[in-house]
Amino acid sequence: MNNKEKAREIARMLDDLYPETPIPLQHRDAYTLLVAVVLSAQCTDERVNQITPKLFAKADNPADMVKLSVEEIREIILPCGLSPAKSKAIWGLSKIIIDQHGGKVPNSFEALEALPGVGHKTASVVMSQAFGVPAFPVDTHIHRLAARWGLSDGKSVEKTERDLKALFPESSWNKLHLQIIFFGRQYCPARGHKKEDCPICARFGV
C-alpha cells in the first residue's frame with residue numbers, strides 16, 4: 001500500500017471516529033480565536049478555556065484590549081504559562097490590528113504572521129477556522145502521528161505540513177487537522193503508547 005492509499009484509508013477511519021470536529025478553543029470570532037490560539041502555546045486547551053472567559057469579560061476586541069495594561073493582561077493569563085511574552089504579544093497584536101487593519105483581524109497568512117506572538121501554525125489555525133481558507137496547522141500531535149504512520153519523516157513541522165498537504169485533498173485539510181489532534185489525544189499519546197491498542201498504528205504504524 002502506497003502513502004496515498006494509506007492516507008485515504010486513515011482519512012476514512014478518522015471520519016468514522018470523528019464525524020464532527022468542534023474547535024477545541026472557545027471563541028466568538030476571529031479575534032477571540034486568535035487570542036486563544038496565542039494563549040494555547042505550551043498550554044492545554046482546557047486551561048485556555050478556563051482563562052479566556054475572564055480575559056474576554058474585560059476585553060473581547062482589540063480596542064478594549066489595548067485599554068488594559070500588559071501587566072493587567074499578564075495577571076489574568078498567568079495560569080497559561082509564558083505570561084510575560086504572551087501578554088506583550090496580545091497587547092501588541094491588538095494595537096497593530098487597530099493601527100494597520102481597521103480593528104479587524106487580517107485574513108492573510110502574511111499579515112497574520114507579521115503580528116507579535118503569531119507563527120505559521122497560529123496563522124494557519126485562524127485562516128482555516130475563522131476564515132475557512134484551506135490550511136494544515138501542524139501541532140505536536142499531528143507531527144508525531146504523521147511520523148508514526150509513515151506519512152512524513154518527522155524531520156521538521158514544515159516538512160510534515162508539506163507532506164500531509166501532498167497526501168490529503170485540500171478540501172479535507174481544515175477538518176482533518178482537528179480529527180488527527182482528537183485521535184492523538186484519545187488513542188495515540190506521546191508517552192505510554194501501545195501500538196496494538198491504537199486503531200491506526202496497529203494497521204499502519206511504522
# chains A, B, ... in the order shown; residues from 1 in each chain; ligands from 1
call {"tool": "residues_around", "arguments": {"residues": "Lys86 of chain A", "least_positions_apart": "4", "cutoff": "12 Å", "atoms": "only C-alpha atoms", "output": "list of chain:residue names"}}
result
A:Leu34, A:Val35, A:Ala36, A:Val37, A:Val38, A:Leu39, A:Ser40, A:Ala41, A:Gln42, A:Cys43, A:Val70, A:Glu71, A:Ile73, A:Arg74, A:Glu75, A:Ile76, A:Ile77, A:Leu78, A:Pro79, A:Cys80, A:Gly81, A:Leu82, A:Ile90, A:Trp91, A:Gly92, A:Leu93, A:Pro116, A:Gly117, A:Val118
call {"tool": "select_by_dssp", "arguments": {"residues": "segment 3-203 of chain A", "states": "alpha helix (DSSP H)", "output": "CSV table (one decimal) with C-alpha atoms, in the first residue's frame"}}
result
chain,number,residue,atom,x,y,z
A,3,ASN,CA,1.2,6.5,1.1
A,4,LYS,CA,-1.7,7.9,-1.0
A,5,GLU,CA,-3.7,4.8,-0.4
A,6,LYS,CA,-2.7,4.7,3.3
A,7,ALA,CA,-3.8,8.4,3.7
A,8,ARG,CA,-7.1,7.7,2.1
A,9,GLU,CA,-7.8,4.8,4.5
A,10,ILE,CA,-6.6,6.8,7.5
A,11,ALA,CA,-8.9,9.7,6.5
A,12,ARG,CA,-11.8,7.2,6.2
A,13,MET,CA,-11.1,5.9,9.7
A,14,LEU,CA,-10.9,9.4,11.2
A,15,ASP,CA,-14.2,10.3,9.5
A,16,ASP,CA,-15.8,7.3,11.2
A,17,LEU,CA,-14.4,8.2,14.6
A,30,ALA,CA,-11.6,35.7,14.6
A,31,TYR,CA,-10.1,38.0,17.2
A,32,THR,CA,-11.1,35.8,20.2
A,33,LEU,CA,-9.9,32.8,18.3
A,34,LEU,CA,-6.5,34.5,17.6
A,35,VAL,CA,-6.0,35.4,21.2
A,36,ALA,CA,-7.0,31.9,22.4
A,37,VAL,CA,-4.5,30.3,20.0
A,38,VAL,CA,-1.7,32.6,21.1
A,39,LEU,CA,-2.5,31.5,24.7
A,45,ASP,CA,-6.9,23.8,25.5
A,46,GLU,CA,-8.8,23.1,28.7
A,47,ARG,CA,-6.6,25.6,30.7
A,48,VAL,CA,-7.0,28.2,27.9
A,49,ASN,CA,-10.8,27.7,28.0
A,50,GLN,CA,-10.8,28.4,31.8
A,51,ILE,CA,-8.8,31.6,31.3
A,52,THR,CA,-10.4,33.2,28.2
A,53,PRO,CA,-13.8,33.9,29.8
A,54,LYS,CA,-12.1,36.1,32.4
A,55,LEU,CA,-10.0,37.9,29.8
A,56,PHE,CA,-12.8,38.4,27.3
A,57,ALA,CA,-15.1,39.7,30.0
A,58,LYS,CA,-12.7,42.6,30.2
A,62,PRO,CA,-8.7,45.0,20.1
A,63,ALA,CA,-9.9,48.4,21.2
A,64,ASP,CA,-10.8,47.2,24.7
A,65,MET,CA,-7.6,45.0,24.9
A,70,VAL,CA,0.3,44.5,29.6
A,71,GLU,CA,0.6,43.8,33.4
A,72,GLU,CA,-3.2,43.5,33.7
A,73,ILE,CA,-3.3,41.1,30.9
A,74,ARG,CA,-0.4,39.1,32.4
A,75,GLU,CA,-2.2,38.7,35.7
A,76,ILE,CA,-5.3,37.3,34.1
A,77,ILE,CA,-3.4,34.8,31.8
A,83,SER,CA,2.6,35.0,30.6
A,84,PRO,CA,5.2,37.8,30.2
A,85,ALA,CA,5.7,37.0,26.4
A,86,LYS,CA,2.0,36.2,25.8
A,87,SER,CA,0.7,39.4,27.5
A,88,LYS,CA,3.0,41.6,25.4
A,89,ALA,CA,2.0,39.7,22.2
A,90,ILE,CA,-1.7,40.0,22.9
A,91,TRP,CA,-1.4,43.8,23.6
A,92,GLY,CA,0.9,44.3,20.7
A,93,LEU,CA,-1.1,42.4,18.1
A,94,SER,CA,-4.3,44.2,19.3
A,95,LYS,CA,-2.6,47.6,18.7
A,96,ILE,CA,-1.4,46.5,15.2
A,97,ILE,CA,-4.9,45.3,14.3
A,98,ILE,CA,-6.3,48.7,15.2
A,99,ASP,CA,-3.5,50.8,13.6
A,100,GLN,CA,-3.0,48.8,10.4
A,101,HIS,CA,-6.1,46.7,9.8
A,109,PHE,CA,-1.1,34.5,6.2
A,110,GLU,CA,1.4,37.2,5.6
A,111,ALA,CA,-0.4,39.8,7.7
A,112,LEU,CA,-1.2,37.4,10.5
A,113,GLU,CA,2.4,36.1,10.7
A,120,HIS,CA,2.8,29.9,10.9
A,121,LYS,CA,0.8,27.4,13.0
A,122,THR,CA,-1.3,30.1,14.8
A,123,ALA,CA,-1.9,31.9,11.4
A,124,SER,CA,-2.9,28.5,9.9
A,125,VAL,CA,-5.5,27.9,12.7
A,126,VAL,CA,-7.0,31.3,12.3
A,127,MET,CA,-7.1,31.1,8.5
A,128,SER,CA,-8.7,27.7,8.5
A,129,GLN,CA,-11.1,28.0,11.4
A,140,THR,CA,2.9,18.3,18.2
A,141,HIS,CA,0.1,15.7,17.9
A,142,ILE,CA,0.0,15.9,14.1
A,143,HIS,CA,3.8,16.0,13.8
A,144,ARG,CA,4.1,12.9,16.0
A,145,LEU,CA,1.3,10.9,14.3
A,146,ALA,CA,2.4,11.7,10.8
A,147,ALA,CA,5.8,10.2,11.6
A,148,ARG,CA,4.3,7.2,13.4
A,157,VAL,CA,7.0,20.5,11.3
A,158,GLU,CA,7.4,22.4,8.0
A,159,LYS,CA,8.2,19.1,6.1
A,160,THR,CA,5.3,17.3,7.9
A,161,GLU,CA,3.0,20.1,6.7
A,162,ARG,CA,4.2,19.8,3.1
A,163,ASP,CA,4.0,16.0,3.1
A,164,LEU,CA,0.4,15.9,4.5
A,165,LYS,CA,-0.8,18.6,2.1
A,166,ALA,CA,0.5,16.5,-0.7
A,167,LEU,CA,-1.2,13.3,0.5
A,173,TRP,CA,-7.4,19.9,5.5
A,174,ASN,CA,-9.4,22.1,7.9
A,175,LYS,CA,-11.4,19.2,9.3
A,176,LEU,CA,-8.6,16.6,9.1
A,177,HIS,CA,-6.1,18.5,11.2
A,178,LEU,CA,-8.7,18.6,14.1
A,179,GLN,CA,-9.5,14.9,13.6
A,180,ILE,CA,-5.8,14.0,13.9
A,181,ILE,CA,-5.5,16.1,17.1
A,182,PHE,CA,-8.6,14.4,18.6
A,183,PHE,CA,-7.2,11.0,17.7
A,184,GLY,CA,-3.8,11.8,19.1
A,185,ARG,CA,-5.3,12.8,22.4
A,186,GLN,CA,-7.6,9.8,22.6
A,187,TYR,CA,-5.6,6.9,21.2
A,201,CYS,CA,-1.0,2.5,14.5
A,202,ALA,CA,-2.0,-1.2,14.7
A,203,ARG,CA,-2.6,-1.2,11.0
call {"tool": "atom_distance", "arguments": {"atom1": "atom CA of Gly102 of chain A", "atom2": "atom CA of Gly132 of chain A"}}
result
20.9 Å
call {"tool": "atom_distance", "arguments": {"atom1": "atom CA of Pro189 of chain A", "atom2": "atom CA of Val138 of chain A"}}
result
15.8 Å
